[in-house]
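> Below is the file entry.csv, which contains CSV, C-alpha atoms and all ligand atoms.
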```csv
chain,number,residue,atom,x,y,z
A,1,MET,CA,97.1,-99.7,-40.3
A,2,THR,CA,98.1,-102.8,-38.4
A,3,ASP,CA,96.9,-106.3,-39.1
A,4,ILE,CA,94.8,-106.3,-36.0
A,5,MET,CA,93.2,-102.9,-37.0
A,6,MET,CA,92.6,-104.2,-40.5
A,7,SER,CA,90.9,-107.3,-39.4
A,8,ARG,CA,88.8,-105.3,-36.8
A,9,ARG,CA,87.8,-102.8,-39.6
A,10,SER,CA,86.9,-105.6,-42.0
A,11,ALA,CA,84.9,-107.3,-39.2
A,12,LEU,CA,83.0,-104.1,-38.5
A,13,LEU,CA,82.4,-103.5,-42.2
A,14,GLY,CA,81.1,-107.1,-42.4
A,15,MET,CA,78.9,-106.6,-39.4
A,16,GLY,CA,77.5,-103.4,-41.0
A,17,ALA,CA,76.7,-105.4,-44.1
A,18,MET,CA,75.0,-108.1,-42.1
A,19,ALA,CA,72.9,-105.5,-40.2
A,20,ALA,CA,72.0,-103.9,-43.5
A,21,ALA,CA,70.9,-107.3,-44.9
A,22,ALA,CA,68.9,-108.0,-41.8
A,23,THR,CA,67.2,-104.6,-42.1
A,24,ALA,CA,66.4,-105.3,-45.7
A,25,GLY,CA,64.6,-108.5,-44.6
A,26,LEU,CA,67.2,-110.8,-46.1
A,27,HIS,CA,68.1,-114.1,-44.5
A,28,THR,CA,71.5,-114.0,-42.6
A,29,SER,CA,73.9,-116.8,-41.9
A,30,ALA,CA,72.9,-119.2,-39.1
A,31,ALA,CA,76.2,-118.3,-37.4
A,32,PHE,CA,74.8,-114.8,-36.6
A,33,ALA,CA,71.4,-116.0,-35.4
A,34,LYS,CA,70.1,-114.6,-32.2
A,35,ALA,CA,70.5,-117.0,-29.3
A,36,PRO,CA,68.0,-117.5,-26.5
A,37,GLN,CA,69.3,-116.5,-23.1
A,38,LEU,CA,69.8,-119.7,-21.0
A,39,ASN,CA,68.8,-120.0,-17.4
A,40,THR,CA,71.1,-123.0,-16.5
A,41,GLN,CA,73.8,-122.3,-13.9
A,42,VAL,CA,77.3,-123.4,-13.0
A,43,PRO,CA,77.4,-126.7,-11.0
A,44,PHE,CA,76.1,-126.7,-7.4
A,45,PHE,CA,79.2,-128.6,-6.3
A,46,TYR,CA,82.9,-127.8,-6.2
A,47,ARG,CA,85.8,-130.1,-5.3
A,48,PHE,CA,89.2,-129.4,-3.8
A,49,LYS,CA,91.8,-131.3,-1.9
A,50,ASN,CA,93.2,-131.0,1.6
A,51,ARG,CA,96.2,-133.3,1.0
A,52,ALA,CA,94.8,-136.8,1.0
A,53,MET,CA,91.2,-135.7,1.9
A,54,GLN,CA,88.9,-134.7,-0.9
A,55,VAL,CA,86.4,-132.0,-0.1
A,56,THR,CA,83.2,-131.6,-2.2
A,57,MET,CA,81.2,-128.5,-1.4
A,58,ASP,CA,77.5,-129.0,-2.0
A,59,SER,CA,75.0,-126.1,-2.1
A,60,ASP,CA,71.6,-126.1,-0.5
A,61,VAL,CA,71.4,-122.6,-2.2
A,62,PRO,CA,71.2,-119.3,-0.4
A,63,TRP,CA,68.4,-117.5,1.5
A,64,PRO,CA,67.8,-113.8,2.2
A,65,LEU,CA,68.3,-112.5,5.7
A,66,GLY,CA,67.0,-109.1,4.5
A,67,GLU,CA,67.9,-105.7,5.9
A,68,PRO,CA,70.9,-106.1,8.4
A,69,SER,CA,69.6,-104.4,11.5
A,70,GLY,CA,67.2,-107.2,12.2
A,71,ALA,CA,70.0,-109.7,12.8
A,72,PHE,CA,73.2,-107.7,13.3
A,73,LEU,CA,72.5,-105.9,16.6
A,74,ARG,CA,75.3,-103.3,16.6
A,75,PRO,CA,76.7,-100.9,15.8
A,76,THR,CA,73.9,-99.2,13.9
A,77,LYS,CA,71.8,-99.8,10.8
A,78,ASP,CA,73.8,-97.0,9.0
A,79,VAL,CA,77.2,-98.4,9.8
A,80,ASN,CA,76.2,-101.9,8.8
A,81,GLY,CA,74.7,-100.6,5.6
A,82,LYS,CA,77.8,-98.7,4.8
A,83,MET,CA,80.1,-101.7,5.5
A,84,LEU,CA,78.0,-103.7,3.0
A,85,SER,CA,77.8,-101.0,0.3
A,86,ASP,CA,81.6,-100.3,0.7
A,87,ASN,CA,82.0,-104.0,-0.2
A,88,PHE,CA,79.7,-103.8,-3.2
A,89,LEU,CA,77.0,-105.7,-1.4
A,90,SER,CA,73.3,-104.7,-1.0
A,91,PRO,CA,72.8,-102.7,2.1
A,92,THR,CA,69.1,-103.8,2.3
A,93,ASN,CA,69.4,-107.5,1.7
A,94,VAL,CA,72.0,-109.7,3.4
A,95,VAL,CA,72.1,-113.1,1.6
A,96,LEU,CA,73.5,-116.2,3.3
A,97,GLU,CA,74.8,-119.2,1.3
A,98,GLN,CA,74.5,-122.7,2.6
A,99,ASN,CA,77.7,-124.6,1.8
A,100,ALA,CA,77.6,-128.2,3.0
A,101,PRO,CA,80.9,-130.0,2.6
A,102,VAL,CA,81.3,-133.7,2.0
A,103,VAL,CA,84.7,-135.0,3.0
A,104,ASN,CA,86.1,-138.2,1.7
A,105,THR,CA,88.9,-139.1,4.1
A,106,GLY,CA,89.7,-142.4,2.5
A,107,LYS,CA,88.1,-144.2,5.5
A,108,ASN,CA,84.8,-142.3,5.7
A,109,LEU,CA,82.4,-140.3,3.5
A,110,VAL,CA,81.3,-137.5,5.8
A,111,LEU,CA,78.6,-134.9,5.2
A,112,PHE,CA,78.7,-131.8,7.4
A,113,ASP,CA,75.2,-130.2,7.9
A,114,THR,CA,72.2,-130.7,5.7
A,115,GLY,CA,70.5,-127.4,4.7
A,116,MET,CA,66.8,-126.6,5.1
A,117,GLY,CA,65.3,-129.8,3.6
A,118,THR,CA,61.6,-129.4,2.9
A,119,SER,CA,61.1,-126.4,5.2
A,120,LYS,CA,60.5,-123.1,3.5
A,121,MET,CA,60.8,-121.1,6.7
A,122,PHE,CA,63.6,-118.9,5.2
A,123,GLY,CA,62.0,-118.5,1.7
A,124,PRO,CA,61.3,-120.6,-1.3
A,125,THR,CA,64.9,-120.9,-2.7
A,126,THR,CA,66.3,-123.5,-0.3
A,127,GLY,CA,66.4,-127.3,-0.1
A,128,ARG,CA,68.6,-128.2,-3.1
A,129,LEU,CA,71.1,-130.4,-1.2
A,130,GLN,CA,69.9,-133.8,-2.4
A,131,GLN,CA,69.9,-132.6,-6.0
A,132,SER,CA,73.4,-131.1,-5.6
A,133,LEU,CA,74.7,-134.3,-4.1
A,134,LYS,CA,73.3,-136.3,-6.9
A,135,GLU,CA,74.9,-134.0,-9.5
A,136,ALA,CA,78.2,-134.4,-7.6
A,137,GLY,CA,77.9,-138.2,-8.0
A,138,ILE,CA,77.3,-138.8,-4.3
A,139,ARG,CA,74.5,-141.1,-3.2
A,140,PRO,CA,73.0,-140.4,0.2
A,141,ALA,CA,73.3,-144.1,1.1
A,142,GLN,CA,77.1,-143.8,0.7
A,143,ILE,CA,77.3,-141.2,3.5
A,144,ASP,CA,78.5,-143.2,6.5
A,145,SER,CA,78.9,-140.2,8.8
A,146,LEU,CA,76.8,-137.1,9.3
A,147,VAL,CA,78.4,-134.4,11.4
A,148,ILE,CA,76.2,-131.6,12.8
A,149,SER,CA,77.7,-128.2,13.8
A,150,HIS,CA,74.6,-127.3,15.7
A,151,ALA,CA,70.8,-128.1,15.7
A,152,HIS,CA,69.4,-125.0,13.9
A,153,ILE,CA,66.9,-125.7,11.1
A,154,ASP,CA,69.3,-124.5,8.3
A,155,HIS,CA,71.8,-127.2,9.4
A,156,ILE,CA,69.6,-130.1,10.4
A,157,GLY,CA,66.6,-129.5,8.1
A,158,GLY,CA,67.7,-131.9,5.4
A,159,MET,CA,68.2,-135.0,7.5
A,160,VAL,CA,64.7,-136.4,6.8
A,161,ASP,CA,62.1,-136.1,4.0
A,162,ALA,CA,58.7,-134.5,4.3
A,163,LYS,CA,57.3,-137.6,5.9
A,164,GLY,CA,60.1,-137.8,8.5
A,165,LYS,CA,62.0,-140.7,6.8
A,166,ARG,CA,65.8,-140.7,7.2
A,167,LEU,CA,67.5,-139.4,4.0
A,168,PHE,CA,70.9,-140.8,5.0
A,169,PRO,CA,70.0,-144.4,5.8
A,170,ASN,CA,73.5,-145.6,6.6
A,171,ALA,CA,74.9,-142.6,8.5
A,172,THR,CA,76.0,-142.4,12.1
A,173,VAL,CA,75.2,-138.9,13.3
A,174,TYR,CA,77.9,-137.0,15.3
A,175,MET,CA,76.9,-134.0,17.3
A,176,SER,CA,77.2,-132.3,20.7
A,177,GLN,CA,74.9,-133.7,23.5
A,178,ALA,CA,74.3,-130.1,24.7
A,179,ASP,CA,72.7,-129.1,21.4
A,180,PHE,CA,70.7,-132.4,21.1
A,181,ASP,CA,69.3,-132.0,24.6
A,182,PHE,CA,68.6,-128.2,24.3
A,183,TRP,CA,66.8,-128.3,20.9
A,184,THR,CA,64.8,-131.5,21.3
A,185,ASP,CA,63.4,-130.4,24.7
A,186,ASP,CA,59.9,-129.0,23.9
A,187,LYS,CA,59.1,-128.1,27.5
A,188,ASP,CA,60.6,-124.6,27.6
A,189,PRO,CA,58.3,-122.0,26.1
A,190,LYS,CA,61.1,-119.4,25.8
A,191,LYS,CA,62.8,-121.3,23.0
A,192,ALA,CA,61.9,-120.5,19.4
A,193,LYS,CA,59.1,-123.1,18.8
A,194,ASP,CA,59.8,-123.6,15.1
A,195,PHE,CA,63.4,-124.5,15.8
A,196,VAL,CA,62.4,-127.1,18.4
A,197,VAL,CA,59.8,-128.6,16.1
A,198,HIS,CA,62.3,-129.0,13.3
A,199,ALA,CA,65.1,-130.3,15.6
A,200,ARG,CA,62.7,-133.0,16.9
A,201,LYS,CA,61.5,-133.8,13.4
A,202,ASN,CA,65.0,-134.3,12.0
A,203,LEU,CA,67.0,-135.6,15.0
A,204,LEU,CA,64.6,-138.0,16.7
A,205,PRO,CA,64.4,-140.5,13.7
A,206,TYR,CA,68.2,-140.9,14.1
A,207,ARG,CA,68.2,-141.2,17.9
A,208,ASP,CA,69.5,-144.8,18.0
A,209,ARG,CA,72.5,-143.9,15.8
A,210,ILE,CA,73.6,-140.5,17.3
A,211,LYS,CA,77.0,-140.4,18.9
A,212,PHE,CA,78.0,-137.4,21.0
A,213,PHE,CA,81.5,-136.1,20.6
A,214,LYS,CA,83.5,-134.3,23.3
A,215,ASP,CA,85.5,-131.1,22.9
A,216,GLY,CA,88.9,-131.9,21.5
A,217,GLU,CA,87.9,-135.5,20.5
A,218,GLU,CA,89.1,-136.9,17.2
A,219,PHE,CA,85.8,-138.8,16.7
A,220,LEU,CA,86.6,-139.8,13.1
A,221,SER,CA,90.0,-140.3,11.7
A,222,GLY,CA,91.4,-136.8,10.9
A,223,ILE,CA,88.3,-135.0,12.2
A,224,THR,CA,88.4,-133.3,15.6
A,225,ALA,CA,85.5,-131.5,17.4
A,226,MET,CA,86.3,-128.0,18.8
A,227,SER,CA,83.7,-126.5,21.0
A,228,ALA,CA,82.7,-122.9,19.9
A,229,PRO,CA,79.6,-122.1,22.0
A,230,GLY,CA,77.4,-119.1,21.9
A,231,HIS,CA,75.5,-119.3,18.6
A,232,THR,CA,74.0,-122.3,20.3
A,233,ILE,CA,75.1,-123.9,23.5
A,234,GLY,CA,76.7,-126.9,21.8
A,235,HIS,CA,77.9,-125.2,18.6
A,236,THR,CA,81.1,-126.9,17.3
A,237,VAL,CA,83.7,-126.3,14.6
A,238,PHE,CA,85.7,-129.2,13.1
A,239,MET,CA,89.4,-129.4,12.3
A,240,LEU,CA,90.1,-131.6,9.3
A,241,SER,CA,93.7,-132.8,9.3
A,242,SER,CA,95.5,-134.7,6.5
A,243,GLU,CA,99.3,-135.4,6.2
A,244,GLY,CA,100.0,-132.4,8.5
A,245,LYS,CA,97.7,-129.9,6.7
A,246,GLN,CA,94.7,-128.5,8.5
A,247,LEU,CA,91.4,-127.1,7.2
A,248,CYS,CA,88.6,-126.0,9.5
A,249,PHE,CA,84.8,-126.2,8.9
A,250,ILE,CA,83.6,-123.3,11.0
A,251,GLY,CA,79.8,-123.8,10.8
A,252,ASP,CA,78.1,-120.6,12.1
A,253,LEU,CA,81.1,-119.2,13.9
A,254,THR,CA,80.5,-116.1,11.8
A,255,HIS,CA,77.5,-115.6,9.5
A,256,HIS,CA,79.0,-112.9,7.2
A,257,GLN,CA,82.3,-112.4,5.5
A,258,VAL,CA,82.2,-108.6,6.1
A,259,LEU,CA,79.9,-107.7,9.0
A,260,LEU,CA,81.0,-110.5,11.4
A,261,VAL,CA,84.6,-110.7,10.3
A,262,GLU,CA,85.7,-107.1,10.0
A,263,ARG,CA,83.7,-106.3,13.2
A,264,PRO,CA,83.6,-109.7,15.0
A,265,ARG,CA,82.2,-108.1,18.1
A,266,ILE,CA,78.9,-107.3,16.5
A,267,GLU,CA,76.2,-109.4,18.2
A,268,PHE,CA,74.0,-111.6,16.1
A,269,ALA,CA,70.3,-111.8,17.0
A,270,TYR,CA,69.9,-115.5,16.6
A,271,ASP,CA,72.7,-116.4,19.0
A,272,THR,CA,71.6,-118.3,22.1
A,273,ASP,CA,74.2,-116.3,24.0
A,274,PRO,CA,75.5,-113.4,21.8
A,275,LYS,CA,78.4,-112.4,24.2
A,276,GLN,CA,79.7,-116.0,24.4
A,277,ALA,CA,79.4,-116.2,20.6
A,278,VAL,CA,81.6,-113.1,20.2
A,279,ALA,CA,84.2,-114.6,22.5
A,280,SER,CA,84.2,-117.9,20.5
A,281,ARG,CA,84.4,-116.0,17.2
A,282,VAL,CA,87.3,-113.7,18.2
A,283,LYS,CA,89.2,-116.7,19.8
A,284,TYR,CA,89.0,-118.8,16.6
A,285,LEU,CA,89.4,-116.0,14.1
A,286,GLU,CA,92.6,-115.0,16.0
A,287,MET,CA,93.8,-118.6,15.7
A,288,PHE,CA,93.1,-119.0,12.0
A,289,ALA,CA,94.7,-115.6,11.2
A,290,ALA,CA,97.9,-116.4,13.2
A,291,SER,CA,98.3,-120.0,11.9
A,292,ARG,CA,97.0,-119.3,8.4
A,293,ILE,CA,94.7,-122.3,8.6
A,294,PRO,CA,92.2,-122.2,5.7
A,295,VAL,CA,88.5,-122.4,6.6
A,296,ILE,CA,85.2,-123.6,5.0
A,297,ALA,CA,82.3,-121.3,6.1
A,298,TYR,CA,78.7,-122.5,5.8
A,299,HIS,CA,77.2,-119.1,5.1
A,300,PHE,CA,80.0,-117.3,3.2
A,301,PRO,CA,79.8,-116.6,-0.6
A,302,TRP,CA,80.0,-119.9,-2.6
A,303,PRO,CA,81.9,-122.1,-2.2
A,304,GLY,CA,82.9,-120.6,1.2
A,305,HIS,CA,86.6,-121.7,1.1
A,306,GLY,CA,89.2,-119.1,2.1
A,307,TYR,CA,91.5,-117.5,4.7
A,308,LEU,CA,91.4,-114.9,7.4
A,309,SER,CA,93.9,-112.2,8.2
A,310,LYS,CA,94.2,-109.8,11.1
A,311,HIS,CA,93.1,-106.2,10.2
A,312,GLY,CA,93.0,-103.6,12.9
A,313,ASP,CA,90.5,-104.6,15.6
A,314,GLY,CA,89.0,-107.2,13.4
A,315,PHE,CA,89.8,-109.5,10.4
A,316,ARG,CA,89.5,-109.8,6.7
A,317,TYR,CA,88.3,-112.8,4.7
A,318,HIS,CA,90.2,-113.8,1.5
A,319,ALA,CA,88.4,-116.2,-0.7
A,320,ALA,CA,90.6,-119.0,-2.0
A,321,PRO,CA,90.7,-119.1,-5.9
A,322,MET,CA,88.5,-121.8,-7.3
A,323,GLU,CA,90.8,-124.4,-8.9
A,324,ILE,CA,89.3,-125.8,-12.1
A,325,VAL,CA,92.7,-127.1,-13.2
A,326,THR,CA,95.8,-127.3,-11.1
A,327,ILE,CA,98.5,-124.8,-12.4
A,328,PRO,CA,101.2,-125.8,-13.0
A,329,PRO,CA,99.9,-129.3,-13.9
A,330,LYS,CA,101.1,-132.2,-11.9
A,331,PRO,CA,104.2,-133.8,-13.6
A,332,GLU,CA,103.4,-137.0,-15.4
A,333,ALA,CA,104.9,-140.1,-14.0
A,334,PRO,CA,108.2,-140.9,-15.7
A,335,LYS,CA,107.9,-143.3,-18.6
A,336,ALA,CA,109.6,-146.7,-18.1
A,337,THR,CA,113.0,-146.7,-19.7
A,338,PRO,CA,113.3,-149.6,-22.3
A,339,ALA,CA,115.6,-152.3,-21.2
A,340,LYS,CA,119.0,-152.1,-22.9
A,341,LYS,CA,119.8,-154.8,-25.3
A,342,GLY,CA,123.0,-156.6,-24.4
B,1,ZN,ZN,73.2,-121.2,10.0
```
Would you mind writing the structure in this file as structure tokens?
Ligand SMILES: [Zn+2]

Amino acid sequence: MTDIMMSRRSALLGMGAMAAAATAGLHTSAAFAKAPQLNTQVPFFYRFKNRAMQVTMDSDVPWPLGEPSGAFLRPTKDVNGKMLSDNFLSPTNVVLEQNAPVVNTGKNLVLFDTGMGTSKMFGPTTGRLQQSLKEAGIRPAQIDSLVISHAHIDHIGGMVDAKGKRLFPNATVYMSQADFDFWTDDKDPKKAKDFVVHARKNLLPYRDRIKFFKDGEEFLSGITAMSAPGHTIGHTVFMLSSEGKQLCFIGDLTHHQVLLVERPRIEFAYDTDPKQAVASRVKYLEMFAASRIPVIAYHFPWPGHGYLSKHGDGFRYHAAPMEIVTIPPKPEAPKATPAKKG
């Protein structure tokens, strides 16, 4: 019998004795007491670096989109369901995260998108962003720039509180004029009314401090707008560049890491122009795969940081490992050599 087997055997015998003692109604050692199951969770923020930029992902927490055929318009319910179950995901409940990055560029503290805020339109779980920012040590008043990928409720809903007061009092808002004009216009009855109501509620209080970026414009140091229309007419993705390294925040270029990555030509029901959205999606996914540029995706599994590779007609998403400690550790700065005595 090896030492390991011996110690395992003794432990088992010991445990048997403890169980017997417990059965006999005897008190057991506190070390073996039953522990209550805890309901606390891992932090709702996660940090990583893109060279000199620090990225803090902050969660507004996920919401359920439900059975896929309501939102993913092709190929069929069965094919979508099988793609999900083949990837160990529920075929009857598609869940979308809400991963909002805060990027500290050294010059600016920039929040991208703001979650659902006080709206419970997509269920009761959402609206945690303010709490997540607080736990990450980020005060809303420190955010000097708020960048909006598009004006849908799950991206602009957290700009104001329930009374319509600005939650980011010192932020300049950067967004596309096309999305601002489209979603704050309440004259067109064909538009989803709830979306217009929430866009007006969240965007109009910032009207005097909104700046519209142009396609290709580096509107903040290291942050460039790249037009990706289709999901909405002004939907934009953002290239974050630091010391020659790029990282792209892709907003809602794709809503799902399997369905709209492996089959990027599936049309999504909530796109303003689904065919244009497919063209934007394929164009940028091709670019990320060819150039190996990492992405941050708003709706992908937490924290939404990873890579895309080409796979047949479509692509595959590869989540980047979460780095709790850098391995190998950074070398320590060399110690000062003592001056030689003469
Ligand atoms: Zn979205």
> Residues at most 12 Å from ligand ZN 1 (chain B), using only C-alpha atoms and all ligand atoms? Could they come as a short mmCIF file (atom, residue, chain, number, x, y, z; two decimals) with C-alpha atoms, keeping the file's coordinate frame?

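Writing the result to pocket-v9.cif gives the following:
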```
data_model
loop_
_atom_site.label_atom_id
_atom_site.label_comp_id
_atom_site.auth_asym_id
_atom_site.auth_seq_id
_atom_site.Cartn_x
_atom_site.Cartn_y
_atom_site.Cartn_z
CA ASP A 60 71.60 -126.10 -0.50
CA PRO A 62 71.20 -119.30 -0.40
CA TRP A 63 68.40 -117.50 1.50
CA LEU A 65 68.30 -112.50 5.70
CA VAL A 95 72.10 -113.10 1.60
CA LEU A 96 73.50 -116.20 3.30
CA GLU A 97 74.80 -119.20 1.30
CA GLN A 98 74.50 -122.70 2.60
CA ASN A 99 77.70 -124.60 1.80
CA ALA A 100 77.60 -128.20 3.00
CA ASP A 113 75.20 -130.20 7.90
CA THR A 114 72.20 -130.70 5.70
CA GLY A 115 70.50 -127.40 4.70
CA MET A 116 66.80 -126.60 5.10
CA PHE A 122 63.60 -118.90 5.20
CA ILE A 148 76.20 -131.60 12.80
CA SER A 149 77.70 -128.20 13.80
CA HIS A 150 74.60 -127.30 15.70
CA ALA A 151 70.80 -128.10 15.70
CA HIS A 152 69.40 -125.00 13.90
CA ILE A 153 66.90 -125.70 11.10
CA ASP A 154 69.30 -124.50 8.30
CA HIS A 155 71.80 -127.20 9.40
CA ILE A 156 69.60 -130.10 10.40
CA GLY A 157 66.60 -129.50 8.10
CA PHE A 195 63.40 -124.50 15.80
CA HIS A 231 75.50 -119.30 18.60
CA THR A 232 74.00 -122.30 20.30
CA HIS A 235 77.90 -125.20 18.60
CA ILE A 250 83.60 -123.30 11.00
CA GLY A 251 79.80 -123.80 10.80
CA ASP A 252 78.10 -120.60 12.10
CA LEU A 253 81.10 -119.20 13.90
CA THR A 254 80.50 -116.10 11.80
CA HIS A 255 77.50 -115.60 9.50
CA HIS A 256 79.00 -112.90 7.20
CA PHE A 268 74.00 -111.60 16.10
CA TYR A 270 69.90 -115.50 16.60
CA ASP A 271 72.70 -116.40 19.00
CA ALA A 297 82.30 -121.30 6.10
CA TYR A 298 78.70 -122.50 5.80
CA HIS A 299 77.20 -119.10 5.10
CA PHE A 300 80.00 -117.30 3.20
#
```
> Mind giving me the straight-line distance from atom CA of A:Val147 to atom CA of A:Phe112 in Å, one decimal?
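These two atoms are separated by 4.8 Å.
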> Which residue, A:Lys275, A:Arg128, A:Lys330, A:Val55, has the smallest gap to A:Val295 when you use all atoms listed in the file?
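Among the listed residues, A:Val55 lies closest to A:Val295.
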> For each of A:Leu146, A:Val258, A:Ala225, A:Ala269, take the minimum atom-to-atom distance to A:Leu203, counting only C-alpha atoms, then give the residue where this is smallest.
A:Leu146
> Any idea what the distance is between atom CA of A:Leu109 and atom CA of A:Leu285?
27.4 Å
> List the neighbours of A:Trp183 out to 9 Å using all atoms listed in the file; skip same-chain residues closer than 3 positions along the sequence, and give me the result as a list in words.
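The residues that qualify are Ala151, His152, Ala178, Asp179, Phe180, Asp186, Lys191, Phe195, Val196, Val197, His198, Ala199 and Arg200 of chain A.
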> So what do you get for atom CA of A:Phe238 versus atom CA of A:Asp181, distance-wise?
20.2 Å
